[in-house]
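What follows is a single structure, written as structure tokens, with notes after it.
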Amino acid sequence: MAKDYLFEIGTEEMPAHVVPRSVKQLADRTRKFLKENGLKFKDIKTFSTPRRLTILVEDLAEKQDDIDEVKKGPAKKIAQDQDGNWTKAAQGFARGQGMTADDIYFEELKGTEYAYVHVQKEGKKASDILLGMSNIIKAMTFPTKMRWDSNDFEFVRPIHWLVSLFGSDVIPVKILDITASRKTQGHRFLGDSVVLANADDYEDALKDQFVIANADERKDMIVRQMDELVKKNHWQVKPDRDLLEEVTYLVEYPTVFAGSFDEKYLQIPDEVLITSMKDNQRYFEVYDEDGKLINHFIAVRNGNKDYLDNVISGNEKVLVARLDDAQFFYDEDRKYPLSHFVDRLKDVSFHDKIGSMAEKMQRVRMIGDYLAKRWNLPENVVTDFDRASELYKFDLVTQMVGEFAELQGVMGMHYARLAGEDEEVSVAIKEHYMPATAEGPLPETTVGSLLSIADKIDTIVTFFGAGMIPTSSNDPYALRRYAYGIVRILLNEKWSLPFNEVLPEIISMLNGVTPAKLPKGDADQEIADFIRDRVKQYLQKNDFKYDIVDAVLASSQQDPSQILAAANVLQLHHDDEEFKPVVESLTRIDNILKKAKFKENIAVDESLFDDNSEKELYVGVQNLQDIDSLADLYQGFVQLQPVIDQYFETNMIMAKDEKVKNNRLAQLYAISELADRLGDLSKLVIK
């Protein structure tokens, strides 16, 4: 027979972000524990609120399966010595089956006698095994832990009760001085304690005490109530999965309500209002039917509708206090010209090992001007970039960003607009932080893209120069994210930037300009490889075949745009009929060159040709030399493939005449150099 098993850990309120991952951890550890102990079950359901982590194991077997089987051991000559005494091998075999050597008997199998034991064991009861759930609690991990009383035991929050019910039977799991029972707790303010008769009563019993234990049901309640409120008032609320997830795990019984604030605060930039509501108070901002932010908000109460007017009033007062502060900071910041804040950046440290923020801005302007010239960007872009680079960190010393750090860049954009700066300059101040996350939005303007890349290159170069280089497990300054952002912007803008060429020039240009330590020796190549590794990350995230990723990254190419172009070509033609013979022909060339250890880029001498196939191959390769497009280069190889095969059929590459041999190897080397633009094709898996 099988019964459901309920296990609940009741705690003080846990942080919302910890709850879903913690209940999943509890379920995963329990699943592993039950399987290791041979207890069969159907599935594990999870329930969770800020005060409880709960699992319900469905159809859990009441005991392990009984064992009645014959186990085969070592041959008799190994199990016993010449005097008939049991060897260590025999004793170990018997002990491994929970028996003694005296239980061994011998039977012949294919002419050889082997040791056997007949194992008969009654399965353990689930009620005994489940006492081990206390070990699961002790093994759980959390980002931060707490101790309470005089105990050494740590958990995410102090534990107040445990429920452990196998069907209707209590399994007295114990942790510290808390022994599990059938008693759980309802809502902290609205509910009472509940004595459960059976594990299956859990969800309905808690509903009667104002606890919706199923997180998905709570989320659906919130969405449904919000939809009703929005529809009634002809409002709009933009979807925010993260905030919805958070409020779901902040409450046990959700009631959605709307509040308002004075329209005068709408003169403050929308981002400030949204940050005050969303990040500080966990409110959803509200828009009218035209998508304009209005003076209302939607929030979720942990309770029912009783005294809801008081709750609304209290929440409005808290928000208005925040908005009053924001209004004050906004008014104070606007009293000063932008130059006032820029001057103060001389005293703001970028990093104590690198220098000030003003010095960083100086370096970034030099890097950006260098890149703009390399990419031949229009004069107006360069002019706007130069102005943006003079300003772009100024908002760090404004009062608004001092209070709302998450608005850096955003407030810079707004204050720059108010000061009469060009729109491209203002937007670039915001966009230089993009992408703010690995897959976050990219800058939409050319000036913003240029400023973002220049700023990130400076950060990576100076941190490497100061010896603060990421390790495999540690990247405290998010340099990998910056490098990945550089790659994404370059590919989005289709800008060519071979880092092995560019970085030495940038480092040389900056040397001595500011006090920052700059990389020396081979560090520029180390940085180039560091950024190039992010190209691999990009390709993997965009579903390129693993062998194509390996192939294009094994080439000598350092330009992300060219690496991506090669990957696109190989991915596009990977399954073409011509792909295999082309790759095989080019791989054969590489193998010959490796075996001959030929790495010389020497001119081919036509006077040494013995056969027309050599001339035909030479002309074909010459035609490929000036092709820029990798897509066209691949098609050129498709056309050249039968010529290569004929060349091999007709000519002995390793000729006795040294000059002829080297001339033929030089022809192959020219092809290999062109093929390297596509990657190391030997790494491709072709069928």
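Residues are named by chain letter and number: chains run A, B, ... in the order of the structure tokens, numbers start at 1 in each chain, and ligands are numbered from 1 in the order shown.
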
Excluding same-chain residues fewer than 2 positions from range 584-593 of chain A, what lies within 8 Å of it counting only C-alpha atoms, as number ranges by chain? A: 580-582, 595-599, 641, 644-645, 665, 668-669, 671-672, 675, 681-682

Please write the residues from the selection above to a file, keeping N, CA and C atoms, as an mmCIF file, in the first residue's frame.
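File result36.cif, as written:
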```
data_model
loop_
_atom_site.group_PDB
_atom_site.id
_atom_site.type_symbol
_atom_site.label_atom_id
_atom_site.label_comp_id
_atom_site.auth_asym_id
_atom_site.auth_seq_id
_atom_site.Cartn_x
_atom_site.Cartn_y
_atom_site.Cartn_z
ATOM 1 N N LYS A 580 30.738 18.194 -47.112
ATOM 2 C CA LYS A 580 31.691 17.161 -46.709
ATOM 3 C C LYS A 580 32.916 17.112 -47.621
ATOM 4 N N PRO A 581 32.755 17.031 -48.953
ATOM 5 C CA PRO A 581 33.958 16.984 -49.805
ATOM 6 C C PRO A 581 34.821 18.243 -49.700
ATOM 7 N N VAL A 582 34.186 19.419 -49.515
ATOM 8 C CA VAL A 582 34.962 20.652 -49.364
ATOM 9 C C VAL A 582 35.803 20.585 -48.103
ATOM 10 N N LYS A 595 52.268 17.614 -41.404
ATOM 11 C CA LYS A 595 53.222 16.508 -41.492
ATOM 12 C C LYS A 595 54.559 16.988 -42.052
ATOM 13 N N ALA A 596 54.488 17.907 -43.016
ATOM 14 C CA ALA A 596 55.714 18.442 -43.621
ATOM 15 C C ALA A 596 56.319 19.564 -42.779
ATOM 16 N N LYS A 597 55.569 20.012 -41.721
ATOM 17 C CA LYS A 597 56.019 21.123 -40.857
ATOM 18 C C LYS A 597 56.330 22.368 -41.686
ATOM 19 N N PHE A 598 55.438 22.600 -42.650
ATOM 20 C CA PHE A 598 55.627 23.731 -43.564
ATOM 21 C C PHE A 598 54.793 24.911 -43.091
ATOM 22 N N LYS A 599 55.441 26.031 -42.748
ATOM 23 C CA LYS A 599 54.741 27.227 -42.256
ATOM 24 C C LYS A 599 55.259 28.491 -42.934
ATOM 25 N N GLN A 641 36.985 22.855 -55.076
ATOM 26 C CA GLN A 641 37.182 21.517 -54.506
ATOM 27 C C GLN A 641 37.557 20.451 -55.549
ATOM 28 N N ILE A 644 41.152 20.952 -56.534
ATOM 29 C CA ILE A 644 42.088 20.466 -55.502
ATOM 30 C C ILE A 644 42.246 18.958 -55.612
ATOM 31 N N ASP A 645 41.126 18.256 -55.762
ATOM 32 C CA ASP A 645 41.188 16.795 -55.856
ATOM 33 C C ASP A 645 41.988 16.360 -57.079
ATOM 34 N N LEU A 665 54.015 22.846 -51.756
ATOM 35 C CA LEU A 665 53.581 23.116 -50.374
ATOM 36 C C LEU A 665 53.159 24.572 -50.214
ATOM 37 N N LEU A 668 49.663 24.911 -51.361
ATOM 38 C CA LEU A 668 48.730 24.418 -50.346
ATOM 39 C C LEU A 668 48.648 25.383 -49.163
ATOM 40 N N TYR A 669 49.765 25.982 -48.831
ATOM 41 C CA TYR A 669 49.787 26.912 -47.698
ATOM 42 C C TYR A 669 48.891 28.127 -47.973
ATOM 43 N N ILE A 671 46.215 28.132 -49.762
ATOM 44 C CA ILE A 671 44.829 27.684 -49.574
ATOM 45 C C ILE A 671 44.503 27.590 -48.084
ATOM 46 N N SER A 672 45.439 27.047 -47.311
ATOM 47 C CA SER A 672 45.236 26.897 -45.873
ATOM 48 C C SER A 672 45.022 28.241 -45.189
ATOM 49 N N ALA A 675 41.510 29.245 -45.906
ATOM 50 C CA ALA A 675 40.560 28.407 -45.170
ATOM 51 C C ALA A 675 40.520 28.763 -43.694
ATOM 52 N N LEU A 681 38.880 23.636 -39.788
ATOM 53 C CA LEU A 681 37.820 22.762 -40.297
ATOM 54 C C LEU A 681 37.985 21.320 -39.857
ATOM 55 N N SER A 682 39.155 20.962 -39.345
ATOM 56 C CA SER A 682 39.349 19.596 -38.861
ATOM 57 C C SER A 682 38.502 19.309 -37.627
#
```

So, counting only C-alpha atoms, which residue among A:Arg218, A:Lys541, A:Lys72, A:Lys125 is closest to Gly96 in chain A?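 Nearest candidate to Gly96 in chain A out of A:Arg218, A:Lys541, A:Lys72, A:Lys125: A:Lys72.
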
Skipping near chain neighbours, those fewer than 2 positions away, what residues fall within 8 Å of range 510-518 of chain A using only C-alpha atoms, listed as a list of chain:residue names?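 Listed by chain and then number, they are A:Lys353, A:Ile354, A:Gly355, A:Glu359, A:Arg363, A:Met366, A:Val461, A:Thr462, A:Phe464, A:Gly465, A:Ala466, A:Ile506, A:Ile507, A:Ser508, A:Lys520.
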
Same residues, N, CA and C atoms, output as a PDB file, in the first residue's frame:
```pdb
ATOM      1  N   LYS A 353      43.180  51.739  -6.999  1.00  0.00           N
ATOM      2  CA  LYS A 353      44.383  51.279  -7.684  1.00  0.00           C
ATOM      3  C   LYS A 353      44.496  51.829  -9.104  1.00  0.00           C
ATOM      4  N   ILE A 354      43.475  52.549  -9.530  1.00  0.00           N
ATOM      5  CA  ILE A 354      43.439  52.991 -10.930  1.00  0.00           C
ATOM      6  C   ILE A 354      43.400  54.503 -11.065  1.00  0.00           C
ATOM      7  N   GLY A 355      42.591  55.171 -10.259  1.00  0.00           N
ATOM      8  CA  GLY A 355      42.543  56.626 -10.363  1.00  0.00           C
ATOM      9  C   GLY A 355      41.135  57.164 -10.239  1.00  0.00           C
ATOM     10  N   GLU A 359      39.735  61.003 -14.596  1.00  0.00           N
ATOM     11  CA  GLU A 359      40.816  60.415 -15.394  1.00  0.00           C
ATOM     12  C   GLU A 359      40.282  59.304 -16.291  1.00  0.00           C
ATOM     13  N   ARG A 363      40.493  58.975 -20.496  1.00  0.00           N
ATOM     14  CA  ARG A 363      40.943  57.796 -21.263  1.00  0.00           C
ATOM     15  C   ARG A 363      39.858  57.329 -22.228  1.00  0.00           C
ATOM     16  N   MET A 366      39.740  59.248 -25.428  1.00  0.00           N
ATOM     17  CA  MET A 366      40.823  58.878 -26.342  1.00  0.00           C
ATOM     18  C   MET A 366      40.514  57.552 -27.039  1.00  0.00           C
ATOM     19  N   VAL A 461      40.888  47.016 -19.493  1.00  0.00           N
ATOM     20  CA  VAL A 461      42.327  47.250 -19.644  1.00  0.00           C
ATOM     21  C   VAL A 461      42.947  47.709 -18.324  1.00  0.00           C
ATOM     22  N   THR A 462      42.311  48.657 -17.643  1.00  0.00           N
ATOM     23  CA  THR A 462      42.901  49.196 -16.410  1.00  0.00           C
ATOM     24  C   THR A 462      42.834  48.191 -15.264  1.00  0.00           C
ATOM     25  N   PHE A 464      42.957  44.898 -15.618  1.00  0.00           N
ATOM     26  CA  PHE A 464      44.022  43.933 -15.916  1.00  0.00           C
ATOM     27  C   PHE A 464      45.371  44.547 -15.568  1.00  0.00           C
ATOM     28  N   GLY A 465      45.550  45.830 -15.906  1.00  0.00           N
ATOM     29  CA  GLY A 465      46.811  46.494 -15.610  1.00  0.00           C
ATOM     30  C   GLY A 465      47.094  46.567 -14.128  1.00  0.00           C
ATOM     31  N   ALA A 466      46.032  46.682 -13.317  1.00  0.00           N
ATOM     32  CA  ALA A 466      46.196  46.754 -11.864  1.00  0.00           C
ATOM     33  C   ALA A 466      46.253  45.368 -11.223  1.00  0.00           C
ATOM     34  N   ILE A 506      45.867  50.768 -28.348  1.00  0.00           N
ATOM     35  CA  ILE A 506      45.149  51.509 -27.311  1.00  0.00           C
ATOM     36  C   ILE A 506      46.016  51.668 -26.069  1.00  0.00           C
ATOM     37  N   ILE A 507      46.660  50.571 -25.653  1.00  0.00           N
ATOM     38  CA  ILE A 507      47.501  50.616 -24.455  1.00  0.00           C
ATOM     39  C   ILE A 507      48.665  51.576 -24.646  1.00  0.00           C
ATOM     40  N   SER A 508      49.270  51.543 -25.833  1.00  0.00           N
ATOM     41  CA  SER A 508      50.375  52.457 -26.129  1.00  0.00           C
ATOM     42  C   SER A 508      49.901  53.905 -26.122  1.00  0.00           C
ATOM     43  N   LYS A 520      51.319  45.234 -19.362  1.00  0.00           N
ATOM     44  CA  LYS A 520      52.639  45.182 -19.990  1.00  0.00           C
ATOM     45  C   LYS A 520      52.891  43.782 -20.544  1.00  0.00           C
TER      46      LYS A 520
END
```

Extract, using only C-alpha atoms, all DNA, RNA and protein residues at most 9 Å from Ile175 in chain A, discarding same-chain residues fewer than 5 positions from it, and format them as a count of residues only. 7

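Straight-line separation from CA of Ser472 in chain A to CA of Ile548 in chain A: 24.2 Å.
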
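The residue that comes closest to Ile78 in chain A, out of A:Val569, A:Leu371, A:Ala115, A:Ala101 and on the basis of only C-alpha atoms, is A:Ala115.
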
Determine, counting only C-alpha atoms, which protein, DNA and RNA residues have an atom within 10 Å of an atom of Val401 in chain A; residues of the same chain fewer than 6 positions away are not included. Present the result as an mmCIF file with C-alpha atoms, in the first residue's frame.
```cif
data_model
loop_
_atom_site.group_PDB
_atom_site.id
_atom_site.type_symbol
_atom_site.label_atom_id
_atom_site.label_comp_id
_atom_site.auth_asym_id
_atom_site.auth_seq_id
_atom_site.Cartn_x
_atom_site.Cartn_y
_atom_site.Cartn_z
ATOM 1 C CA VAL A 272 12.282 58.041 -10.449
ATOM 2 C CA ALA A 326 12.837 62.540 -4.709
ATOM 3 C CA PHE A 329 16.747 65.936 -4.696
ATOM 4 C CA TYR A 330 15.429 66.714 -8.171
ATOM 5 C CA ASP A 333 20.247 69.026 -8.519
ATOM 6 C CA ASP A 395 25.262 62.249 -12.321
ATOM 7 C CA LEU A 407 19.167 55.543 -11.665
ATOM 8 C CA GLN A 408 22.747 56.371 -12.630
ATOM 9 C CA GLY A 409 22.842 57.161 -16.312
ATOM 10 C CA VAL A 410 19.077 57.635 -16.413
ATOM 11 C CA MET A 411 19.242 60.820 -14.343
ATOM 12 C CA GLY A 412 22.279 61.920 -16.326
#
```

All helix (DSSP H, G or I) residues (DSSP, backbone) inside range 384-594 of chain A, as a ChimeraX atom specification: /A:384-391,394-397,399-403,405-407,410-418,423-431,446-465,479-493,499-510,523-541,546-553,560-573,579-594

Surrounding residues of range 301-312 of chain A excluding itself and chain neighbours under 5 positions, 12 Å, only C-alpha atoms, as JSON, numbers by chain: {"A": [49, 50, 186, 187, 188, 189, 190, 191, 209, 210, 211, 212, 218, 221, 222, 225, 247, 248, 249, 250, 251, 252, 253, 254, 255, 256, 257, 258, 259, 260, 261, 281, 282, 283, 296, 317, 318, 319]}

Extract, using only C-alpha atoms, all DNA, RNA and protein residues at most 12 Å from Phe93 in chain A, discarding same-chain residues fewer than 5 positions from it, and format them as JSON, numbers by chain. {"A": [71, 72, 73, 74, 75, 78, 79, 86, 87, 88, 98, 99, 100, 101, 102, 103, 104, 114, 115, 116, 117]}

Just give me the gap between CA of Leu608 in chain A and CA of Arg664 in chain A in Å, one decimal is fine.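 Distance between the two atoms: 9.0 Å.
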
Which residue out of A:Val237, A:Met654, A:Leu165, A:Leu674 has the minimum interatomic distance to Asp632 in chain A when only C-alpha atoms are used?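 The shortest atom-to-atom distance to Asp632 in chain A comes from A:Leu674.
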
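Coordinates place CA of Glu122 in chain A at a distance of 23.2 Å from CA of Val173 in chain A.
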
Select, from A:Ile457, A:Ala428, A:Leu539, A:Ile531, the residue with the minimum atom-to-atom distance to Glu444 in chain A, counting only C-alpha atoms. A:Ala428
